[in-house]
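protein-v3.cif follows (mmCIF, C-alpha atoms):
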```cif
data_protein
loop_
_atom_site.label_atom_id
_atom_site.label_comp_id
_atom_site.auth_asym_id
_atom_site.auth_seq_id
_atom_site.Cartn_x
_atom_site.Cartn_y
_atom_site.Cartn_z
CA MET A 1 -3.92 27.51 9.73
CA LYS A 2 -5.04 26.00 13.03
CA ASP A 3 -8.57 27.21 12.23
CA ARG A 4 -8.56 25.43 8.89
CA GLN A 5 -7.44 22.21 10.56
CA ILE A 6 -10.25 22.48 13.10
CA ILE A 7 -12.81 23.24 10.38
CA PHE A 8 -11.56 20.16 8.52
CA GLY A 9 -12.01 18.08 11.68
CA PHE A 10 -15.54 19.40 12.20
CA ALA A 11 -16.50 18.88 8.57
CA THR A 12 -15.05 15.36 8.45
CA GLY A 13 -16.74 14.39 11.72
CA THR A 14 -20.08 15.71 10.50
CA ILE A 15 -19.81 13.98 7.12
CA VAL A 16 -18.77 10.67 8.70
CA ALA A 17 -21.54 10.87 11.31
CA CYS A 18 -24.15 11.65 8.63
CA ALA A 19 -22.87 8.76 6.49
CA GLY A 20 -23.12 6.50 9.56
CA LEU A 21 -26.71 7.62 10.17
CA ALA A 22 -27.62 6.94 6.55
CA ILE A 23 -26.04 3.47 6.66
CA ILE A 24 -27.82 2.55 9.91
CA SER A 25 -31.07 2.48 7.92
CA PHE A 26 -29.94 -0.71 6.16
CA SER A 27 -26.97 -2.04 8.17
CA GLN A 28 -25.82 -2.14 11.78
CA THR A 29 -22.28 -1.31 10.61
CA GLY A 30 -23.37 2.33 10.37
CA TRP A 31 -23.26 2.63 14.19
CA ASN A 32 -19.47 2.33 14.18
CA LEU A 33 -19.19 5.03 11.54
CA LEU A 34 -21.55 7.27 13.52
CA LEU A 35 -19.40 6.75 16.60
CA VAL A 36 -16.22 7.69 14.72
CA GLY A 37 -17.89 10.82 13.32
CA VAL A 38 -19.14 11.95 16.73
CA ALA A 39 -15.68 11.32 18.23
CA LEU A 40 -14.09 13.53 15.56
CA VAL A 41 -16.58 16.35 16.19
CA VAL A 42 -15.90 16.14 19.96
CA LEU A 43 -12.13 16.18 19.39
CA ALA A 44 -12.42 19.15 17.01
CA SER A 45 -14.54 20.99 19.65
CA LEU A 46 -11.91 20.30 22.32
CA GLU A 47 -9.14 21.55 20.05
CA LYS A 48 -11.16 24.69 19.26
CA ALA A 49 -11.73 25.33 22.97
CA LYS A 50 -8.03 24.80 23.65
CA SER A 51 -6.90 27.21 20.92
CA ALA A 52 -9.49 29.82 21.99
CA LYS A 53 -8.19 29.62 25.55
CA ALA A 54 -4.60 30.01 24.35
CA ALA A 55 -5.55 33.01 22.19
CA HIS A 56 -7.33 34.61 25.17
CA LYS A 57 -4.21 34.15 27.32
CA VAL A 58 -2.04 35.86 24.68
CA ASN A 59 -4.49 38.78 24.48
CA ILE A 60 -4.38 39.29 28.24
CA LEU A 61 -0.57 39.25 28.25
CA ASP A 62 -0.42 41.66 25.29
CA SER A 63 -2.84 44.15 26.84
CA ALA A 64 -1.37 44.11 30.35
CA PRO A 65 1.00 46.94 31.40
CA PRO A 66 4.64 45.79 31.67
CA CYS A 67 4.66 46.08 35.46
CA GLN A 68 1.95 43.43 35.75
CA ILE A 69 3.90 40.85 33.80
CA GLY A 70 6.05 38.88 36.16
CA GLY A 71 4.75 40.88 39.12
CA LYS A 72 7.58 43.47 39.13
CA ASP A 73 7.35 47.10 38.15
CA PRO A 74 10.39 47.92 35.94
CA ALA A 75 10.11 51.63 36.85
CA GLY A 76 10.28 50.80 40.51
CA VAL A 77 6.93 52.53 41.27
CA MET B 1 -20.59 -10.23 14.96
CA ILE B 2 -17.14 -9.07 13.83
CA ASP B 3 -15.11 -11.42 11.65
CA ILE B 4 -12.94 -13.88 13.57
CA VAL B 5 -9.64 -12.55 12.14
CA ILE B 6 -10.58 -9.01 13.19
CA ALA B 7 -11.12 -10.30 16.73
CA PHE B 8 -7.40 -11.19 16.78
CA PHE B 9 -6.57 -7.60 15.80
CA ALA B 10 -8.67 -6.39 18.75
CA LEU B 11 -6.85 -8.85 21.02
CA GLY B 12 -3.51 -7.39 19.89
CA ILE B 13 -4.67 -3.84 20.71
CA ILE B 14 -5.93 -4.97 24.15
CA ALA B 15 -2.63 -6.76 24.86
CA SER B 16 -0.75 -3.57 24.06
CA VAL B 17 -3.11 -1.24 25.96
CA VAL B 18 -2.95 -3.35 29.16
CA LYS B 19 0.86 -3.41 28.72
CA SER B 20 1.02 -7.20 28.58
CA ARG B 21 4.52 -8.67 28.68
CA PHE B 22 3.58 -10.88 25.74
CA GLU B 23 5.94 -10.29 22.81
CA PHE B 24 5.93 -11.69 19.30
CA PRO B 25 9.12 -13.71 18.67
CA ALA B 26 11.63 -11.67 16.67
CA GLY B 27 11.30 -12.35 12.97
CA LEU B 28 7.84 -13.93 13.16
CA TYR B 29 6.12 -10.80 11.83
CA GLN B 30 8.46 -10.86 8.84
CA THR B 31 7.75 -14.57 8.29
CA LEU B 32 4.00 -14.04 8.43
CA SER B 33 4.24 -11.10 5.98
CA ILE B 34 6.26 -13.23 3.55
CA PHE B 35 3.70 -16.04 3.80
CA LEU B 36 0.74 -13.71 3.19
CA MET B 37 2.34 -11.95 0.23
CA LEU B 38 3.37 -15.21 -1.43
CA ALA B 39 -0.01 -16.82 -0.72
CA ILE B 40 -1.92 -13.85 -2.18
CA GLY B 41 0.38 -13.68 -5.22
CA LEU B 42 0.23 -17.44 -5.88
CA LYS B 43 -3.55 -17.56 -5.60
CA GLY B 44 -3.88 -14.64 -8.01
CA GLY B 45 -1.39 -16.15 -10.46
CA ILE B 46 -3.17 -19.52 -10.54
CA ALA B 47 -6.48 -17.72 -11.17
CA LEU B 48 -4.90 -15.51 -13.80
CA ALA B 49 -3.72 -18.61 -15.69
CA ASP B 50 -7.39 -19.57 -16.07
CA HIS B 51 -8.81 -16.12 -16.72
CA SER B 52 -6.14 -14.25 -18.70
CA SER B 53 -7.93 -12.24 -21.37
CA PRO B 54 -7.70 -8.81 -23.04
CA SER B 55 -10.50 -7.60 -20.76
CA VAL B 56 -8.26 -8.17 -17.70
CA ALA B 57 -5.57 -6.01 -19.36
CA GLY B 58 -8.15 -3.26 -19.91
CA GLN B 59 -9.28 -3.48 -16.29
CA ALA B 60 -5.64 -3.35 -15.16
CA LEU B 61 -5.08 -0.07 -17.06
CA VAL B 62 -8.11 1.54 -15.40
CA VAL B 63 -6.92 0.31 -11.99
CA ILE B 64 -3.48 1.91 -12.58
CA ALA B 65 -5.19 5.20 -13.52
CA PHE B 66 -7.19 4.91 -10.29
CA GLY B 67 -3.96 4.47 -8.31
CA LEU B 68 -2.45 7.55 -9.98
CA MET B 69 -5.50 9.63 -9.13
CA LEU B 70 -5.63 9.08 -5.35
CA PRO B 71 -2.51 11.12 -4.39
CA PHE B 72 -3.91 14.07 -6.37
CA ILE B 73 -6.91 14.07 -4.03
CA ALA B 74 -4.90 13.61 -0.84
CA TYR B 75 -2.24 16.26 -1.59
CA PRO B 76 -4.51 19.35 -1.81
CA LEU B 77 -6.38 18.31 1.36
CA LEU B 78 -3.10 18.01 3.26
CA ARG B 79 -1.68 21.24 1.84
CA PHE B 80 -4.75 23.48 2.07
CA PHE B 81 -6.41 22.29 5.28
CA GLY B 82 -3.38 20.85 7.06
CA GLY B 83 -0.88 23.50 6.00
CA LEU B 84 1.81 20.81 6.06
CA PRO B 85 5.17 21.27 4.29
CA ARG B 86 5.25 20.16 0.67
CA GLN B 87 7.44 17.09 1.27
CA ASP B 88 5.21 15.85 4.09
CA CYS B 89 2.12 16.28 1.92
CA ALA B 90 3.75 14.39 -0.95
CA SER B 91 4.91 11.58 1.33
CA ILE B 92 1.50 11.12 2.99
CA ALA B 93 -0.28 11.37 -0.38
CA ALA B 94 1.95 8.57 -1.72
CA HIS B 95 1.06 6.37 1.28
CA TYR B 96 -2.65 6.85 0.60
CA GLY B 97 -2.32 6.34 -3.15
CA SER B 98 -0.64 2.98 -2.62
CA VAL B 99 -2.27 -0.06 -0.98
CA SER B 100 -1.97 -2.19 2.13
CA VAL B 101 -1.62 -5.93 1.57
CA GLY B 102 -2.68 -6.55 5.20
CA THR B 103 -5.96 -4.68 4.71
CA TYR B 104 -6.52 -6.55 1.43
CA ALA B 105 -5.94 -9.89 3.18
CA VAL B 106 -8.53 -8.99 5.84
CA ALA B 107 -11.05 -8.05 3.13
CA VAL B 108 -10.44 -11.37 1.34
CA ALA B 109 -10.96 -13.26 4.62
CA VAL B 110 -14.22 -11.37 5.26
CA LEU B 111 -15.51 -12.05 1.72
CA GLU B 112 -14.62 -15.75 1.95
CA SER B 113 -16.26 -16.13 5.36
CA ARG B 114 -19.46 -14.58 3.99
CA GLY B 115 -19.33 -16.55 0.74
CA ILE B 116 -19.09 -13.48 -1.51
CA ALA B 117 -17.44 -14.30 -4.85
CA TYR B 118 -14.73 -12.05 -6.28
CA GLU B 119 -12.32 -12.05 -9.22
CA ALA B 120 -9.61 -14.49 -8.13
CA TYR B 121 -6.98 -12.67 -10.22
CA PHE B 122 -7.35 -9.59 -7.97
CA PRO B 123 -3.79 -9.82 -6.56
CA LEU B 124 -2.68 -8.57 -9.99
CA PHE B 125 -4.42 -5.28 -9.18
CA VAL B 126 -2.83 -5.20 -5.72
CA VAL B 127 0.65 -5.39 -7.29
CA LEU B 128 -0.25 -2.79 -9.92
CA LEU B 129 -1.55 -0.38 -7.29
CA GLU B 130 1.59 -0.52 -5.14
CA VAL B 131 3.88 1.50 -7.40
CA PRO B 132 2.19 4.41 -9.26
CA ALA B 133 1.50 6.45 -6.14
CA ILE B 134 5.19 6.39 -5.17
CA ALA B 135 6.13 8.02 -8.48
CA VAL B 136 3.32 10.59 -8.13
CA GLY B 137 4.41 11.40 -4.56
CA ILE B 138 7.98 12.03 -5.67
CA VAL B 139 6.87 14.23 -8.58
CA MET B 140 4.70 16.24 -6.17
CA ALA B 141 7.62 16.82 -3.81
CA ASP B 142 10.32 17.53 -6.38
CA ARG B 143 10.16 16.65 -10.05
CA SER B 144 13.93 16.47 -10.44
CA LEU B 145 14.15 13.60 -7.94
CA LEU B 146 12.38 11.23 -10.31
CA ALA B 147 15.04 11.54 -13.02
CA LYS B 148 17.93 11.23 -10.56
CA SER B 149 16.67 8.36 -8.54
CA ARG B 150 17.88 5.14 -10.11
CA LYS B 151 18.52 3.79 -6.66
CA LEU B 152 14.93 4.53 -5.75
CA VAL B 153 13.58 2.54 -8.70
CA HIS B 154 15.71 -0.37 -7.53
CA GLU B 155 14.43 0.12 -3.98
CA VAL B 156 10.80 0.04 -5.12
CA VAL B 157 11.05 -2.85 -7.57
CA THR B 158 12.99 -5.04 -5.16
CA SER B 159 10.89 -4.14 -2.12
CA GLN B 160 9.46 -7.10 -0.23
CA GLY B 161 5.85 -6.46 -1.25
CA ILE B 162 6.43 -6.00 -4.96
CA LEU B 163 9.02 -8.78 -5.28
CA LEU B 164 7.10 -11.45 -3.39
CA MET B 165 3.65 -10.68 -4.72
CA SER B 166 4.69 -10.31 -8.35
CA GLY B 167 6.97 -13.36 -7.96
CA GLY B 168 4.08 -15.38 -6.51
CA LEU B 169 1.80 -14.16 -9.30
CA LEU B 170 4.30 -15.19 -11.95
CA ILE B 171 4.94 -18.64 -10.42
CA GLY B 172 1.20 -19.22 -9.99
CA PHE B 173 0.55 -18.08 -13.56
CA ILE B 174 3.25 -20.34 -15.03
CA TYR B 175 2.38 -23.44 -13.01
CA GLY B 176 -1.40 -22.96 -12.88
CA GLU B 177 -3.07 -26.15 -11.71
CA HIS B 178 0.36 -27.83 -11.37
CA ALA B 179 0.83 -25.74 -8.23
CA ALA B 180 -1.56 -28.10 -6.42
CA SER B 181 1.28 -29.66 -4.40
CA ILE B 182 1.89 -26.41 -2.45
CA LYS B 183 -1.74 -25.33 -2.29
CA PRO B 184 -2.51 -26.92 1.11
CA PHE B 185 0.29 -24.92 2.73
CA PHE B 186 -0.44 -21.57 1.09
CA GLN B 187 -4.24 -21.73 0.92
CA ASP B 188 -5.51 -23.82 3.83
CA LEU B 189 -3.33 -22.05 6.37
CA PHE B 190 -4.11 -18.57 5.02
CA HIS B 191 -6.77 -17.57 7.58
CA GLY B 192 -4.79 -18.90 10.57
CA VAL B 193 -1.65 -17.05 9.50
CA LEU B 194 -3.68 -13.91 8.87
CA ALA B 195 -5.07 -14.15 12.43
CA LEU B 196 -1.51 -14.27 13.83
CA PHE B 197 -0.45 -11.41 11.54
CA LEU B 198 -3.38 -9.30 12.76
CA LEU B 199 -2.61 -10.10 16.39
CA ASN B 200 0.83 -8.60 15.85
CA MET B 201 -0.56 -5.67 13.84
CA GLY B 202 -2.97 -4.97 16.70
CA MET B 203 -0.04 -4.84 19.11
CA ILE B 204 1.89 -2.49 16.79
CA ALA B 205 -1.17 -0.25 16.31
CA GLY B 206 -1.81 -0.32 20.08
CA LYS B 207 1.74 0.90 20.76
CA LYS B 208 1.24 3.69 18.22
CA LEU B 209 -1.98 4.82 19.93
CA GLY B 210 0.13 6.77 22.40
CA GLU B 211 1.54 8.84 19.54
CA LEU B 212 -1.99 9.87 18.58
CA LYS B 213 -2.12 12.10 21.68
CA ASN B 214 0.47 14.31 19.99
CA SER B 215 -1.30 14.24 16.61
CA SER B 216 -3.67 16.99 15.73
CA VAL B 217 -7.35 16.48 15.05
CA PHE B 218 -6.45 17.19 11.43
CA ILE B 219 -4.36 14.04 10.98
CA LEU B 220 -7.02 11.97 12.76
CA SER B 221 -9.71 13.38 10.47
CA PHE B 222 -7.59 12.91 7.38
CA GLY B 223 -6.87 9.29 8.35
CA VAL B 224 -10.62 8.67 8.44
CA LEU B 225 -11.83 10.82 5.53
CA MET B 226 -9.24 9.75 2.95
CA PRO B 227 -10.11 6.02 3.19
CA LEU B 228 -13.78 6.86 2.73
CA ILE B 229 -13.01 8.95 -0.38
CA GLY B 230 -10.77 6.15 -1.71
CA ALA B 231 -13.43 3.54 -1.00
CA ILE B 232 -16.14 5.49 -2.84
CA LEU B 233 -13.88 6.08 -5.85
CA GLY B 234 -12.72 2.45 -5.77
CA GLY B 235 -16.32 1.27 -5.74
CA LEU B 236 -17.20 3.52 -8.66
CA THR B 237 -14.13 2.37 -10.62
CA GLY B 238 -14.94 -1.29 -9.88
CA SER B 239 -18.50 -0.84 -11.15
CA LEU B 240 -17.22 1.02 -14.21
CA ILE B 241 -14.95 -1.86 -15.26
CA GLY B 242 -17.66 -4.44 -14.62
CA LEU B 243 -16.28 -6.23 -11.56
CA SER B 244 -18.46 -8.59 -9.51
CA THR B 245 -19.87 -7.48 -6.14
CA GLY B 246 -16.86 -9.01 -4.37
CA GLY B 247 -14.51 -7.30 -6.84
CA VAL B 248 -16.13 -3.91 -6.26
CA ILE B 249 -15.75 -4.42 -2.49
CA LEU B 250 -12.08 -5.34 -2.90
CA LEU B 251 -11.33 -2.31 -5.09
CA SER B 252 -13.09 -0.14 -2.49
CA VAL B 253 -10.86 -1.64 0.19
CA LEU B 254 -7.73 -1.11 -1.90
CA GLY B 255 -8.75 2.51 -2.54
CA ALA B 256 -9.34 2.98 1.17
CA SER B 257 -6.10 1.39 2.34
CA ALA B 258 -2.78 3.13 2.88
CA SER B 259 0.60 1.49 2.48
CA TYR B 260 2.75 0.92 5.56
CA ILE B 261 5.43 -1.39 4.14
CA ALA B 262 6.50 -0.56 0.55
CA VAL B 263 5.91 3.21 0.48
CA PRO B 264 7.59 4.13 3.81
CA ALA B 265 10.79 2.45 2.61
CA ALA B 266 10.65 4.24 -0.75
CA MET B 267 9.81 7.62 0.78
CA LEU B 268 12.63 7.33 3.29
CA GLU B 269 14.97 6.99 0.32
CA ALA B 270 13.37 9.62 -1.92
CA LEU B 271 12.23 12.28 0.55
CA PRO B 272 14.57 12.08 3.54
CA LYS B 273 13.46 15.50 4.83
CA ALA B 274 9.78 14.54 5.07
CA ASN B 275 8.23 13.79 8.46
CA HIS B 276 7.99 10.00 8.13
CA SER B 277 6.62 9.51 11.61
CA LEU B 278 3.54 11.52 10.61
CA SER B 279 2.83 9.40 7.53
CA ILE B 280 3.36 6.06 9.30
CA THR B 281 1.23 7.14 12.28
CA SER B 282 -1.51 8.20 9.93
CA SER B 283 -1.48 5.03 7.81
CA LEU B 284 -0.72 2.45 10.50
CA ALA B 285 -2.28 3.87 13.69
CA ILE B 286 -5.35 5.55 12.17
CA THR B 287 -6.27 4.26 8.73
CA PHE B 288 -5.37 0.56 9.14
CA PRO B 289 -7.41 0.07 12.37
CA PHE B 290 -10.23 2.23 10.95
CA ASN B 291 -10.44 0.09 7.82
CA VAL B 292 -10.18 -3.23 9.65
CA VAL B 293 -12.68 -2.48 12.41
CA VAL B 294 -15.09 0.03 10.85
CA GLY B 295 -14.38 0.47 7.15
CA ILE B 296 -14.43 -3.04 5.67
CA PRO B 297 -17.80 -4.04 7.23
CA VAL B 298 -19.25 -0.72 6.02
CA TYR B 299 -17.90 -1.14 2.47
CA VAL B 300 -19.26 -4.70 2.32
CA SER B 301 -22.73 -3.62 3.51
CA LEU B 302 -22.82 -0.58 1.26
CA VAL B 303 -21.77 -2.37 -1.92
CA GLN B 304 -24.12 -5.28 -1.21
CA TRP B 305 -26.99 -2.88 -0.56
CA LEU B 306 -26.28 -0.91 -3.73
CA SER B 307 -25.98 -4.01 -5.87
#
```
Here is a file; write its structure as C-alpha cells.
Amino acid sequence: MKDRQIIFGFATGTIVACAGLAIISFSQTGWNLLLVGVALVVLASLEKAKSAKAAHKVNILDSAPPCQIGGKDPAGV
Amino acid sequence: MIDIVIAFFALGIIASVVKSRFEFPAGLYQTLSIFLMLAIGLKGGIALADHSSPSVAGQALVVIAFGLMLPFIAYPLLRFFGGLPRQDCASIAAHYGSVSVGTYAVAVAVLESRGIAYEAYFPLFVVLLEVPAIAVGIVMADRSLLAKSRKLVHEVVTSQGILLMSGGLLIGFIYGEHAASIKPFFQDLFHGVLALFLLNMGMIAGKKLGELKNSSVFILSFGVLMPLIGAILGGLTGSLIGLSTGGVILLSVLGASASYIAVPAAMLEALPKANHSLSITSSLAITFPFNVVVGIPVYVSLVQWLS
C-alpha cells in the first residue's frame, strides 16, 4: 500500500509540474504550479528512500542469526 | 503581483510560522464568517431578483449534478491509492465534493479587482453545491445511515453556511433593489472584511502546517491533485451551461475548493468513527492555501487564455 501511495505522489508531482510548464508558456502563474509539482516529486522520492531503508533494516534483522540480535548468544556459545 | 487580499493570507501564515504572540480576538473569526456569508448571499439574491429565468434553473440542475459527481472521483483515488478505511475515504470525498465559501470569496475579490464580469447570481450555485456531497459521502460510508439520520438533515440544513447564505439569498431576492439601505455595509466593506478573514485563515493554516509533517506524501498529493481535477471539471461544466468567462472561473474555483465549515460538522455527526483530523488537515492546511496562493491565479489565467 505504501508503494501505491508513493507512486501516486510521484504521478501527481509529475502531472502538476508538467501542467505548470505548459502554463508558463502563456502565464507566469505556471511557475508556482511547477514549484508545487517539483516539491511533490522530491517528497515522494524522500518517502521512497525512507521506506527502502526501513525495508533493508528489516531484511538484515530477519536474516541475522539469533545470537547477533541484541548482542547475546542465547545458547551461551 | 498577488492580489491584495491574498497578501493578508500570507501575512497570517508568516505570523503563525514566526510564532507571533498576535491573536485574533475570540469570536471575531465567527463574526467575519457571518458577514461574508450574509454579504455573498445578499448580493446573489439581489442579482437573482433581476435575472431569475428558467435558464438559471437549468444551470442550477447541472451544477447540482456536478456537485454529486466530485465525491465519486475522490473516493476511488483515496481507497485505491491511499488504502484508507472506507469511512475516512467517504468523509474526505464529501469535503472535496462540497465547497468553501472562503475560497469563493477570494475568487470573487480577484475577479472584481481584475474587472472580470461574472454571473452575479452565482451565490445560488454556492448554496446548491454545499449539500449534495454530504449525502453522497454518507451513502459511500454506510447506506443505512442516510435513512436513520433525521438529526443529520437538521444539522446540515441549519448549519451556519447553509442557513446564512440561503437566508441572505432569499432576503436579497425578495427585497431586490429595496435592499439599497444595507448595501454600503455589506458590499463596500466586503474586501476589507475578507482581508481580515484571510489574515485569520492564514494563521489557522500556519498552525496546521506542523501537522503536515505527520501526513504522508499521499495526502499532500491528493490535496493538490483533487482541486485541479475539480477545477478542470468545473471549467468544462461552466462552459457547457454557457457561463461567462468569470462564471467559468468561479465554477472552476468551486470545483477545486473543499469545505472546512459545513461538511466537518455534518461528518462528525454522521461518521463519528472517521478520522476527522485527516480530512480537515487535507482541506484546510493543503487545499485551501493551494487554491488561494497557486490555484486561483492559475484558473483565472487558464480560463482567460482558453476563452
The PyMOL selection byres ((chain A) within 7 of (chain B)) applied to the shown file, residues as an NGL selection string: :A and (1 or 4-6 or 8-9 or 12 or 27 or 29-30 or 32-33 or 40 or 43-44)
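Note that CA of Phe197 in chain B and CA of Ala265 in chain B are 20.0 Å apart.
The closest residue to Ala11 in chain A, picked from A:Ser45, A:Leu35, A:Ile60, A:Ile23 and counting all atoms listed in the file, is A:Ser45.
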Ser113 in chain B surroundings by all atoms listed in the file, 10 Å radius, close-in-sequence under 3 positions cut, as a PyMOL selection string: chain B and resi 3-4+107-110+116+191
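Distance annotation: of B:Gly255, B:Gly168, B:Gly223, B:Gly41, the residue with the minimal separation from Ser279 in chain B is B:Gly223; atom set is only C-alpha atoms.
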Evaluate the PyMOL selection byres ((chain B and resi 156) around 10) and record the selected residues as an mmCIF file with C-alpha atoms, in the frame of the given file, following the chain and residue labels used in the document.
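This is the output file expr26.cif:
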```
data_model
loop_
_atom_site.group_PDB
_atom_site.id
_atom_site.type_symbol
_atom_site.label_atom_id
_atom_site.label_comp_id
_atom_site.auth_asym_id
_atom_site.auth_seq_id
_atom_site.Cartn_x
_atom_site.Cartn_y
_atom_site.Cartn_z
ATOM 1 C CA GLU B 130 1.590 -0.520 -5.140
ATOM 2 C CA VAL B 131 3.880 1.500 -7.400
ATOM 3 C CA ILE B 134 5.190 6.390 -5.170
ATOM 4 C CA ALA B 135 6.130 8.020 -8.480
ATOM 5 C CA LYS B 151 18.520 3.790 -6.660
ATOM 6 C CA LEU B 152 14.930 4.530 -5.750
ATOM 7 C CA VAL B 153 13.580 2.540 -8.700
ATOM 8 C CA HIS B 154 15.710 -0.370 -7.530
ATOM 9 C CA GLU B 155 14.430 0.120 -3.980
ATOM 10 C CA VAL B 157 11.050 -2.850 -7.570
ATOM 11 C CA THR B 158 12.990 -5.040 -5.160
ATOM 12 C CA SER B 159 10.890 -4.140 -2.120
ATOM 13 C CA GLN B 160 9.460 -7.100 -0.230
ATOM 14 C CA GLY B 161 5.850 -6.460 -1.250
ATOM 15 C CA ILE B 162 6.430 -6.000 -4.960
ATOM 16 C CA LEU B 163 9.020 -8.780 -5.280
ATOM 17 C CA ALA B 262 6.500 -0.560 0.550
ATOM 18 C CA VAL B 263 5.910 3.210 0.480
ATOM 19 C CA ALA B 265 10.790 2.450 2.610
ATOM 20 C CA ALA B 266 10.650 4.240 -0.750
ATOM 21 C CA MET B 267 9.810 7.620 0.780
ATOM 22 C CA GLU B 269 14.970 6.990 0.320
#
```
All residues 10 Å or closer to Leu42 in chain B, all atoms listed in the file, same chain fewer than 4 positions away omitted, as a ChimeraX atom specification: /B:36-38,46-48,121,123,164-173,175-176,179,182-183,186-187
